[in-house]
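S.K.: Quick one: the structure is below, and I'll ask about it shortly.
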Amino acid sequence: MSSVTLPTPPSRRRLTLSRRRQLAGVVFALPAILLVLGLIAVPIGQAVYYSMTQWDGVTATWIGPSTWSQALHNPTLWTALRNNALLLLSVPFALGLPLGIAVLLHQRVAGWRIFRSIYFLPTAISWVVLGLVAQRFFAYQGTLNSLIHFLGFSHSNTNMLGYESTALSALGITFIFTMIGTNTMLFLTGLATLDTSLEEAARIDGAGRWRIFRSITLPHLRRFIQLAFVMTVIALFSALFSLIFVMTGGGPGYATTTMEFLIYQTGFNQGDFGTAALYGLILFVLTAIVGIVQLRLIGSEE
Amino acid sequence: MLVVAVVMLYPFWVMIYNSLMTEAQFLAGKGFSLGSWKALASVIPVGQEVLSSTIICTASILIILLIGLPAGFAFAKLRFRLSTVVFLAIVSAMMVPLQAILMPEFVNVTKLGLTSGYIGAVLVYSALGTPFSVFLFTTYFRGVPDELIEAGIVDGLGYFGVLWRLVLPIAVPAIATVTVLQFIQIWDDLLVGLLFIQNTSERPITVGLAVLSAGRTTSIPELMAGSLISALPAMVVYLGFQRYLVKGLTMGIDR
Amino acid sequence: MAEITFERVTKIYGDDIRAVDELSLHVAEGEFMVLVGPSGCGKTTALRMLAGLEEISSGTLRIGGNVVNDVLPKDRDVAMVFQNYALYPHMTVGQNMGFALKVRHESKSEIDRKVREAAAILRLTDYLDRRPKALSGGQRQRVAMGRAIVRSPQAFLMDEPLSNLDAQLRVEMRLEIARIQRLLGVATVYVTHDQIEAMTMGDRVAVMRGGQLQQVASPQDLYDHPANEFVAGFMGSPPMNLLRARIASDDGSPVMTLGAQRLAVASRYAQSHELPTGAGAEVVFGIRPEDVDVLSANDAASISTRVERREALGAEILVHLSLLDAEGSSAFVVNDEGAVVSRPTTLVAKMGPRADVTVGDTLAVRFNPDRFHFFDATSGQSLRRVTP
């Protein structure tokens, strides 16, 4: 038996367990807080300031809120916003296709594990690489044309990336392709957490396949769909950059210039940091809006 | 199913097929040669760039883990004042696209002289990856029973000891998940590598490829060969950590 | 030296939730004290305060004579067995058990020796190299105990350690734990909601409810002389019958009215109990099912009842009886205003397994006159006079 002396030096008397716990909590979380604060929160504030200046990256001359109204009159901005909006149309496909695939995979057809690996593989490749390959696909001498020829339409050729009207679609298609991997994986995980006893109960009650899907599977997947939606849109607003850079450079004209690309262009090609910062803020607001809309639309139990 | 699989594998086919030709053969439409692969190294410093990518990835992921894991534990188990608010703030930072803060970020980093060397890029990647890392670790650790931690306390550990000896060993699936996802994200990223690394000798492979493709005298087969090299590591990492990924994603979802 | 004293210990959550209310309790060295009560009664909170895992809002807690209110768990030298065992999943059984010693930087050979000793006591020697997930529930429970034993602490704290085991294992482990505790002679505080565990394992049992200590006594004392209605109804299964009755005790021979029937009460109860005086005074009368005898025929001291339900348990039959009123049908007790009182007048009696009884039968029962209990109708306190 150990001897029973329990000294409590005065300085330690108030350092109870709960105090220690709180201290540890703060200490452990601090680096993360500082990093996020310094490299994400602070720049947001700075962007607000700089957006109202004439800035070339070195010197900033204050102008004031008139820069905002000026920027809003720039037609390029609106083109970019329009492009972003149009691309949003691809989101349902980027969610729906993976959903279907996930459901199929969930049925555990033979070799499903292999299929699962294969489907996710493109995601592991960088957007840059995918963009390069996509470029090959859509090019004048590219695979798409070969396919069309193969199918018998030998007299029509497309040069999707060369025309304003079709370039954006080509981009959108590539985007969907890339997102299929991640979203399928996500939905598959979601389906895996679904309690099969619910499905069985419904089946006993006489519900058909479609009914079951609608009333049981879908509601359960709601959280996952939410997450997939958010992730897809964020990718649309930021990761798409790599695709654009490599596939079209924003063109032809400004046909494939989206906000994220415009920011880069304005800032680094034109040297207009101030306006670029402003565009950055607009992008931020857009993303925030999407986030909030998503909460309302798809619902959340937060 | 098969159709989709074929579609998915298509990019690889393209790359492999196209890279095994010389420029001349490519233009002619057919041929087979390893020439392009050999030529690749002379066009862009492939080995060096892959090395750069590796360094950047490793450093960033290390920081993301080192910062994210303790923070995740803190938010999940160590209730402290304002922890919920701070947690939500960090998680919402996940939704900030880089481009939104690009300009100030760039200027800050440049002014601090961090664009020569990898530090600038690593810091930016770390900052971008931390919210996700914190989110994942927090949700994962919420599933750890309180009793386990209390047992450690009664046995004589302080909270740091609990973190080091009890929490860390059981966090392996979460660590694997964060590592895989962040590796793919960082290795494949273009923008940060493009802007935050000024020395051409320190370029990551994605930038190298992008530059190559934007060049005037681009040889497609060489480009394809380079693409394959770039794609390989991420694929390997993914395939290696596959089973952890599914587990980890599940943790992140049912809170 | 390892005694435990709670002096008016209180735990308040938020502004007004008193999880533990002025608990005063003393556990002697080597004593096995059981804290028992329904969920939410504060027993687990009290245990956690003892361990140092919850802060004490007010009052003083002593271990071995020293005030430990602000002492960290690791400095209190107590070992805890958790309800869900809380075994470290990435360590082997041996490492789990030796962990606390390792933290204290004891020598490897010492740790080894102590772990082996504990493993021998708990019959875990063959499992020392296994991981927790490769063990059965009962084995995990033993490892959790082993972890506590190895430390040779001043006190064992156990939080419902048997509640996750199946019935048979529970019986086995009850004996095991009691045996080990006697062997090691360490003061133990054991929390449970199961009154059978309390009765069989404790040297003394502390019954808690709503944060307050109801009574602390040896199991038999609690059974024979419960301090209030709650304790009376809590200990013993099936629970004590508690019936509302009127009592008239002016002339020293009390007479009790149950429903419409009257029953004489032995006069010694008037001395041993503070029975209310005055006409029509209400009281709660308690009688345990095993003290209710079913008679073959009515006599002067019997009560007429009707069988409402019967439960055959194999070894015995439990009959639920309702009291008959003058007209021969069941009735509820009414008070002065004629309103029906909610306290039921069904009582439970035990009969032999072969008893021939059906629902609807009329039975005459007799209460064992030595085993009457009386409680105050309003406060529920026992009316027994406690000799100072």
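Numbering starts fresh at 1 for the residues of each chain in the structure tokens, the chains themselves are lettered A, B, ... in the order given, and ligands are numbered from 1 as they appear.
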Show me, as an MDAnalysis selection string, the residues that have an atom within 12 Å of Met95 of chain B when counting only C-alpha atoms, minus same-chain residues fewer than 2 positions from it.
M.R.: (chainID A and resid 40 227 229:238 283:292) or (chainID B and resid 88:93 97:101 128:132)
S.K.: How would the residues just chosen look if you wrote them out with C-alpha atoms as an mmCIF file, in the first residue's frame?
M.R.:
```cif
data_model
loop_
_atom_site.group_PDB
_atom_site.id
_atom_site.type_symbol
_atom_site.label_atom_id
_atom_site.label_comp_id
_atom_site.auth_asym_id
_atom_site.auth_seq_id
_atom_site.Cartn_x
_atom_site.Cartn_y
_atom_site.Cartn_z
ATOM 1 C CA ILE A 40 -7.569 32.681 -44.315
ATOM 2 C CA LEU A 227 -21.972 17.278 -48.612
ATOM 3 C CA PHE A 229 -23.375 19.339 -53.356
ATOM 4 C CA VAL A 230 -21.180 21.620 -51.318
ATOM 5 C CA MET A 231 -18.003 19.899 -52.396
ATOM 6 C CA THR A 232 -19.010 19.933 -56.036
ATOM 7 C CA VAL A 233 -19.846 23.595 -56.021
ATOM 8 C CA ILE A 234 -16.634 24.503 -54.234
ATOM 9 C CA ALA A 235 -14.717 22.529 -56.808
ATOM 10 C CA LEU A 236 -16.646 24.341 -59.490
ATOM 11 C CA PHE A 237 -15.634 27.656 -58.024
ATOM 12 C CA SER A 238 -12.000 26.894 -57.429
ATOM 13 C CA LEU A 283 -16.479 34.886 -55.446
ATOM 14 C CA PHE A 284 -16.427 34.508 -51.690
ATOM 15 C CA VAL A 285 -19.885 35.962 -51.364
ATOM 16 C CA LEU A 286 -21.119 33.676 -54.123
ATOM 17 C CA THR A 287 -19.789 30.639 -52.353
ATOM 18 C CA ALA A 288 -21.323 31.747 -49.093
ATOM 19 C CA ILE A 289 -24.669 32.246 -50.801
ATOM 20 C CA VAL A 290 -24.528 28.802 -52.290
ATOM 21 C CA GLY A 291 -23.712 27.426 -48.896
ATOM 22 C CA ILE A 292 -26.698 29.091 -47.300
ATOM 23 C CA LEU B 88 -17.867 26.264 -36.626
ATOM 24 C CA ALA B 89 -15.678 29.117 -37.771
ATOM 25 C CA ILE B 90 -12.888 26.790 -38.768
ATOM 26 C CA VAL B 91 -15.228 24.433 -40.533
ATOM 27 C CA SER B 92 -16.817 27.216 -42.503
ATOM 28 C CA ALA B 93 -13.324 28.212 -43.588
ATOM 29 C CA PRO B 97 -12.055 29.066 -52.285
ATOM 30 C CA LEU B 98 -8.412 29.987 -52.662
ATOM 31 C CA GLN B 99 -9.140 32.445 -55.411
ATOM 32 C CA ALA B 100 -11.243 34.537 -53.119
ATOM 33 C CA ILE B 101 -8.279 35.397 -50.954
ATOM 34 C CA LEU B 128 -6.187 25.391 -46.848
ATOM 35 C CA GLY B 129 -6.076 21.831 -45.661
ATOM 36 C CA THR B 130 -6.363 22.460 -41.928
ATOM 37 C CA PRO B 131 -10.115 23.131 -41.777
ATOM 38 C CA PHE B 132 -10.879 19.834 -43.405
#
```
S.K.: Report as an NGL selection string all protein, DNA and RNA residues lying within 10 Å of Leu222 of chain C, evaluated on only C-alpha atoms, omitting residues in the same chain fewer than 5 positions from it.
M.R.: :C and (199 or 204-207 or 215-217 or 227-228 or 231-232 or 234-236)
S.K.: Just need the residues of chain C within 6 Å of chain B, counting only C-alpha atoms, so spit them out as a VMD selection string.
M.R.: chain C and resid 73 to 74 86 100
S.K.: Please measure the separation of atom CA of Gly280 of chain C and atom CA of Leu263 of chain C, giving the value in Å to one decimal.
M.R.: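 So the two atoms, atom CA of Gly280 of chain C and atom CA of Leu263 of chain C, lie 14.1 Å apart.
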S.K.: Could you check the closest approach to chain C for each of A:Thr16, A:Leu95, A:Gly190, A:Leu262 and tell me which residue wins, using only C-alpha atoms?
M.R.: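 Using only C-alpha atoms, chain C sits closest to A:Thr16.
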S.K.: Between atom CA of Asp293 of chain C and atom CA of Ala355 of chain C, measure the distance and give it in Å to one decimal.
M.R.: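 Between these atoms lies a distance of 12.4 Å.
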S.K.: Considering only C-alpha atoms, can you say which of B:Trp164, B:Phe137, B:Tyr118, B:Tyr125 comes closest to Asn199 of chain B?
M.R.: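 The shortest atom-to-atom distance to Asn199 of chain B comes from B:Tyr118.
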S.K.: So, counting only C-alpha atoms, which residue among C:Ile12, C:Ala178, C:Val191, C:Leu53 is closest to chain A?
M.R.: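 Closest candidate: C:Leu53.
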S.K.: When DSSP is applied to the backbone of this structure, which of segment 31-151 of chain B are assigned alpha helix (DSSP H)? Write them out as a VMD selection string.
M.R.: chain B and resid 35 to 43 46 to 77 83 to 92 102 to 111 119 to 142 146 to 151
S.K.: Here is a test: counting only C-alpha atoms, which residue of B:Ile119, B:Val236, B:Val162, B:Leu228 is nearest to Pro70 of chain B?
M.R.: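 Ranked by minimum distance to Pro70 of chain B, first place goes to B:Val162.
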S.K.: Could I get the residues of chain C with an atom no further than 9 Å from an atom of chain A, each paired with its nearest atom pair and that distance in Å to one decimal, using only C-alpha atoms, sorted by chain and residue number, as a tab-separated table?
M.R.:
```
residue	atom	partner	partner_atom	distance
C:Met1	CA	A:Val4	CA	7.7
C:Ala2	CA	A:Val4	CA	8.3
C:Gly52	CA	A:Leu17	CA	7.6
C:Leu53	CA	A:Leu17	CA	7.2
C:Glu54	CA	A:Ser18	CA	8.1
C:Glu55	CA	A:Ser18	CA	7.7
C:Gly64	CA	A:Val4	CA	7.1
C:Asn66	CA	A:Leu6	CA	7.1
C:Val67	CA	A:Leu6	CA	8.7
C:Val68	CA	A:Leu6	CA	8.1
C:Asp70	CA	A:Thr16	CA	5.9
C:Val71	CA	A:Thr8	CA	7.1
C:Leu72	CA	A:Leu17	CA	6.2
C:Pro73	CA	A:Leu17	CA	8.0
C:Asp75	CA	A:Leu6	CA	7.0
C:Arg76	CA	A:Leu6	CA	7.4
C:Asp77	CA	A:Ser2	CA	8.3
C:Arg151	CA	A:Met1	CA	8.9
C:Ser152	CA	A:Met1	CA	6.0
C:Pro153	CA	A:Met1	CA	6.9
C:Gln154	CA	A:Met1	CA	7.4
```
S.K.: Take the residues from that selection and put them in a file with C-alpha atoms, as a compact mmCIF listing (two decimals), in the first residue's frame.
M.R.:
```txt
# COMPACT_ATOMS: atom_id res chain seq x y z
CA MET C 1 -6.04 4.78 6.71
CA ALA C 2 -8.04 4.39 3.57
CA GLY C 52 -12.06 13.43 -9.09
CA LEU C 53 -13.76 13.41 -12.46
CA GLU C 54 -16.45 15.85 -11.36
CA GLU C 55 -15.93 19.01 -9.40
CA GLY C 64 -7.69 8.61 4.29
CA ASN C 66 -7.07 14.16 3.85
CA VAL C 67 -9.30 16.66 2.14
CA VAL C 68 -9.24 15.83 -1.56
CA ASP C 70 -9.19 19.85 -5.31
CA VAL C 71 -6.84 16.96 -5.72
CA LEU C 72 -6.39 15.54 -9.20
CA PRO C 73 -7.60 12.00 -9.83
CA ASP C 75 -3.06 11.99 -6.92
CA ARG C 76 -5.96 10.46 -5.04
CA ASP C 77 -4.68 6.95 -5.39
CA ARG C 151 -2.42 -0.37 -8.58
CA SER C 152 -3.00 -1.39 -4.97
CA PRO C 153 -5.02 1.76 -4.47
CA GLN C 154 -6.58 3.14 -1.34
```
S.K.: List as CSV every residue of chain A that is in contact with chain B, defined as an atom at most 7 Å from one of its atoms (using only C-alpha atoms), together with the nearest atom pair and the distance in Å rounded to one decimal, sorted by chain and then rising number.
M.R.:
```
residue,atom,partner,partner_atom,distance
A:Arg21,CA,B:Leu78,CA,5.8
A:Gln22,CA,B:Phe80,CA,4.7
A:Ala24,CA,B:Tyr159,CA,6.4
A:Gly25,CA,B:Ala74,CA,4.6
A:Phe28,CA,B:Pro70,CA,5.1
A:Ala29,CA,B:Ala71,CA,4.0
A:Pro31,CA,B:Ile67,CA,6.0
A:Ala32,CA,B:Ile67,CA,5.5
A:Leu35,CA,B:Ala127,CA,5.8
A:Val36,CA,B:Ala127,CA,5.7
A:Leu39,CA,B:Ala127,CA,6.1
A:Pro43,CA,B:Pro104,CA,5.3
A:Ile44,CA,B:Ile101,CA,5.8
A:Gln46,CA,B:Pro104,CA,6.1
A:Ala47,CA,B:Pro104,CA,6.0
A:Gly57,CA,B:Val107,CA,6.3
A:Phe115,CA,B:Ala5,CA,6.6
A:Ile118,CA,B:Ala5,CA,6.6
A:Tyr119,CA,B:Met8,CA,6.0
A:Leu121,CA,B:Met235,CA,6.5
A:Pro122,CA,B:Met8,CA,6.8
A:Ala124,CA,B:Ala234,CA,5.4
A:Ile125,CA,B:Ala231,CA,4.8
A:Ser126,CA,B:Asp188,CA,4.1
A:Trp127,CA,B:Asp188,CA,6.5
A:Val128,CA,B:Thr206,CA,6.6
A:Val129,CA,B:Ser227,CA,5.5
A:Val133,CA,B:Pro11,CA,6.2
A:Thr189,CA,B:Thr250,CA,6.2
A:Ile234,CA,B:Met95,CA,6.7
A:Phe237,CA,B:Pro97,CA,6.9
A:Ser238,CA,B:Pro97,CA,5.6
A:Ser242,CA,B:Leu190,CA,6.0
A:Val246,CA,B:Ala210,CA,6.2
A:Glu260,CA,B:Gln99,CA,5.7
A:Ile263,CA,B:Gln99,CA,6.8
A:Phe273,CA,B:Met103,CA,6.4
A:Ala276,CA,B:Met103,CA,6.8
A:Ala277,CA,B:Met103,CA,5.6
A:Gly280,CA,B:Ala100,CA,3.7
A:Leu281,CA,B:Ala100,CA,5.6
A:Leu283,CA,B:Ala100,CA,5.7
A:Phe284,CA,B:Ala100,CA,5.4
```
S.K.: Write a file of the just-selected residues containing C-alpha atoms, as a PDB file, in the first residue's frame.
M.R.:
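Wrote part19.pdb, looks like this:
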```pdb
ATOM      1  CA  ARG A  21      -8.868  20.250 -19.473  1.00  0.00           C
ATOM      2  CA  GLN A  22      -9.764  23.684 -20.722  1.00  0.00           C
ATOM      3  CA  ALA A  24      -5.216  21.661 -22.790  1.00  0.00           C
ATOM      4  CA  GLY A  25      -8.096  22.323 -25.132  1.00  0.00           C
ATOM      5  CA  PHE A  28      -4.152  21.975 -28.637  1.00  0.00           C
ATOM      6  CA  ALA A  29      -6.463  24.001 -30.774  1.00  0.00           C
ATOM      7  CA  PRO A  31      -2.029  26.306 -33.820  1.00  0.00           C
ATOM      8  CA  ALA A  32      -4.989  25.460 -36.006  1.00  0.00           C
ATOM      9  CA  LEU A  35      -3.080  29.232 -38.989  1.00  0.00           C
ATOM     10  CA  VAL A  36      -6.628  29.586 -40.204  1.00  0.00           C
ATOM     11  CA  LEU A  39      -3.879  32.704 -43.654  1.00  0.00           C
ATOM     12  CA  PRO A  43      -6.681  37.875 -46.093  1.00  0.00           C
ATOM     13  CA  ILE A  44     -10.438  38.159 -46.324  1.00  0.00           C
ATOM     14  CA  GLN A  46      -7.396  42.542 -46.454  1.00  0.00           C
ATOM     15  CA  ALA A  47      -9.283  41.759 -49.622  1.00  0.00           C
ATOM     16  CA  GLY A  57       0.823  44.380 -55.659  1.00  0.00           C
ATOM     17  CA  PHE A 115     -15.282  -1.182 -60.348  1.00  0.00           C
ATOM     18  CA  ILE A 118     -11.608   2.141 -61.174  1.00  0.00           C
ATOM     19  CA  TYR A 119     -14.278   4.780 -60.798  1.00  0.00           C
ATOM     20  CA  LEU A 121      -9.106   6.545 -60.110  1.00  0.00           C
ATOM     21  CA  PRO A 122      -9.666   9.592 -62.303  1.00  0.00           C
ATOM     22  CA  ALA A 124      -6.649  10.790 -58.126  1.00  0.00           C
ATOM     23  CA  ILE A 125      -5.282  12.196 -61.309  1.00  0.00           C
ATOM     24  CA  SER A 126      -4.795  15.862 -61.141  1.00  0.00           C
ATOM     25  CA  TRP A 127      -7.152  18.283 -62.810  1.00  0.00           C
ATOM     26  CA  VAL A 128      -4.239  19.398 -64.896  1.00  0.00           C
ATOM     27  CA  VAL A 129      -3.743  15.982 -66.374  1.00  0.00           C
ATOM     28  CA  VAL A 133      -6.502  14.528 -71.807  1.00  0.00           C
ATOM     29  CA  THR A 189     -20.261   5.244 -48.258  1.00  0.00           C
ATOM     30  CA  ILE A 234     -16.634  24.503 -54.234  1.00  0.00           C
ATOM     31  CA  PHE A 237     -15.634  27.656 -58.024  1.00  0.00           C
ATOM     32  CA  SER A 238     -12.000  26.894 -57.429  1.00  0.00           C
ATOM     33  CA  SER A 242      -6.724  24.015 -63.514  1.00  0.00           C
ATOM     34  CA  VAL A 246      -4.875  23.876 -69.443  1.00  0.00           C
ATOM     35  CA  GLU A 260     -11.806  31.929 -60.478  1.00  0.00           C
ATOM     36  CA  ILE A 263      -9.226  36.627 -60.725  1.00  0.00           C
ATOM     37  CA  PHE A 273      -4.495  43.453 -57.963  1.00  0.00           C
ATOM     38  CA  ALA A 276      -8.752  41.051 -58.630  1.00  0.00           C
ATOM     39  CA  ALA A 277      -9.180  41.304 -54.894  1.00  0.00           C
ATOM     40  CA  GLY A 280     -12.187  37.512 -55.085  1.00  0.00           C
ATOM     41  CA  LEU A 281     -14.635  38.958 -52.613  1.00  0.00           C
ATOM     42  CA  LEU A 283     -16.479  34.886 -55.446  1.00  0.00           C
ATOM     43  CA  PHE A 284     -16.427  34.508 -51.690  1.00  0.00           C
TER      44      PHE A 284
END
```
S.K.: By how many Å are atom CA of Thr378 of chain C and atom CA of Val284 of chain C apart?
M.R.: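 It comes out at 8.9 Å.
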S.K.: So which residues touch Val36 of chain C within 9 Å, counting only C-alpha atoms, skipping near sequence neighbours fewer than 4 positions away, as a list in words?
M.R.: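 Selected residues are Cys41, Lys43, Tyr190, Val191, Thr192, His193, Asp194, Gln195, Ala198, Val205, Ala206, Val207, Met208 and Arg209 of chain C.
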S.K.: Using N, CA and C atoms, can you export the residues from the last selection as a PDB file, in the first residue's frame?
M.R.:
```
ATOM      1  N   CYS C  41     -30.397   9.171  -9.713  1.00  0.00           N
ATOM      2  CA  CYS C  41     -30.468   9.447  -8.285  1.00  0.00           C
ATOM      3  C   CYS C  41     -29.201  10.080  -7.751  1.00  0.00           C
ATOM      4  N   LYS C  43     -26.078   8.587  -7.806  1.00  0.00           N
ATOM      5  CA  LYS C  43     -25.042   7.674  -7.322  1.00  0.00           C
ATOM      6  C   LYS C  43     -23.788   7.733  -8.180  1.00  0.00           C
ATOM      7  N   TYR C 190     -19.288   0.892  -4.649  1.00  0.00           N
ATOM      8  CA  TYR C 190     -19.816   0.165  -5.806  1.00  0.00           C
ATOM      9  C   TYR C 190     -21.178   0.730  -6.155  1.00  0.00           C
ATOM     10  N   VAL C 191     -21.314   1.195  -7.385  1.00  0.00           N
ATOM     11  CA  VAL C 191     -22.576   1.809  -7.797  1.00  0.00           C
ATOM     12  C   VAL C 191     -23.383   0.828  -8.637  1.00  0.00           C
ATOM     13  N   THR C 192     -24.667   0.707  -8.363  1.00  0.00           N
ATOM     14  CA  THR C 192     -25.524  -0.156  -9.171  1.00  0.00           C
ATOM     15  C   THR C 192     -26.969   0.291  -9.054  1.00  0.00           C
ATOM     16  N   HIS C 193     -27.782  -0.134 -10.019  1.00  0.00           N
ATOM     17  CA  HIS C 193     -29.215   0.150  -9.895  1.00  0.00           C
ATOM     18  C   HIS C 193     -29.954  -1.134  -9.539  1.00  0.00           C
ATOM     19  N   ASP C 194     -29.177  -2.211  -9.470  1.00  0.00           N
ATOM     20  CA  ASP C 194     -29.764  -3.525  -9.222  1.00  0.00           C
ATOM     21  C   ASP C 194     -29.770  -3.822  -7.729  1.00  0.00           C
ATOM     22  N   GLN C 195     -30.973  -3.930  -7.138  1.00  0.00           N
ATOM     23  CA  GLN C 195     -30.997  -4.078  -5.690  1.00  0.00           C
ATOM     24  C   GLN C 195     -30.552  -5.472  -5.247  1.00  0.00           C
ATOM     25  N   ALA C 198     -26.974  -5.154  -4.684  1.00  0.00           N
ATOM     26  CA  ALA C 198     -26.770  -4.412  -3.433  1.00  0.00           C
ATOM     27  C   ALA C 198     -26.933  -5.340  -2.235  1.00  0.00           C
ATOM     28  N   VAL C 205     -25.280  -0.699   2.551  1.00  0.00           N
ATOM     29  CA  VAL C 205     -25.869  -0.201   1.318  1.00  0.00           C
ATOM     30  C   VAL C 205     -26.410   1.195   1.559  1.00  0.00           C
ATOM     31  N   ALA C 206     -26.115   2.137   0.602  1.00  0.00           N
ATOM     32  CA  ALA C 206     -26.644   3.488   0.699  1.00  0.00           C
ATOM     33  C   ALA C 206     -27.659   3.667  -0.417  1.00  0.00           C
ATOM     34  N   VAL C 207     -28.911   3.897  -0.030  1.00  0.00           N
ATOM     35  CA  VAL C 207     -29.963   4.070  -1.036  1.00  0.00           C
ATOM     36  C   VAL C 207     -30.108   5.550  -1.338  1.00  0.00           C
ATOM     37  N   MET C 208     -30.069   5.887  -2.619  1.00  0.00           N
ATOM     38  CA  MET C 208     -30.175   7.299  -2.997  1.00  0.00           C
ATOM     39  C   MET C 208     -31.363   7.529  -3.914  1.00  0.00           C
ATOM     40  N   ARG C 209     -31.874   8.753  -3.842  1.00  0.00           N
ATOM     41  CA  ARG C 209     -32.984   9.102  -4.722  1.00  0.00           C
ATOM     42  C   ARG C 209     -33.002  10.603  -4.893  1.00  0.00           C
TER      43      ARG C 209
END
```
S.K.: Excluding Arg116 of chain C and residues on its chain fewer than 6 positions from it, collect all residues at most 9 Å away from it, counting only C-alpha atoms, and give them as a PyMOL selection string.
M.R.: chain C and resi 94+124-125+128
S.K.: Since we have the selection now, will you write its residues out, keeping N, CA and C atoms, as a PDB file, in the first residue's frame?
M.R.:
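Produced file selection-v5.pdb, reproduced below:
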```
ATOM      1  N   GLY C  94      -2.071  -7.444 -20.871  1.00  0.00           N
ATOM      2  CA  GLY C  94      -0.965  -7.174 -19.945  1.00  0.00           C
ATOM      3  C   GLY C  94      -0.612  -5.690 -19.910  1.00  0.00           C
ATOM      4  N   LEU C 124      -6.574 -14.623 -15.481  1.00  0.00           N
ATOM      5  CA  LEU C 124      -6.383 -14.048 -16.806  1.00  0.00           C
ATOM      6  C   LEU C 124      -5.019 -14.365 -17.383  1.00  0.00           C
ATOM      7  N   THR C 125      -4.257 -15.195 -16.689  1.00  0.00           N
ATOM      8  CA  THR C 125      -2.875 -15.435 -17.095  1.00  0.00           C
ATOM      9  C   THR C 125      -2.740 -15.881 -18.544  1.00  0.00           C
ATOM     10  N   LEU C 128      -2.914 -12.720 -21.298  1.00  0.00           N
ATOM     11  CA  LEU C 128      -2.128 -11.501 -21.156  1.00  0.00           C
ATOM     12  C   LEU C 128      -1.690 -10.877 -22.480  1.00  0.00           C
TER      13      LEU C 128
END
```
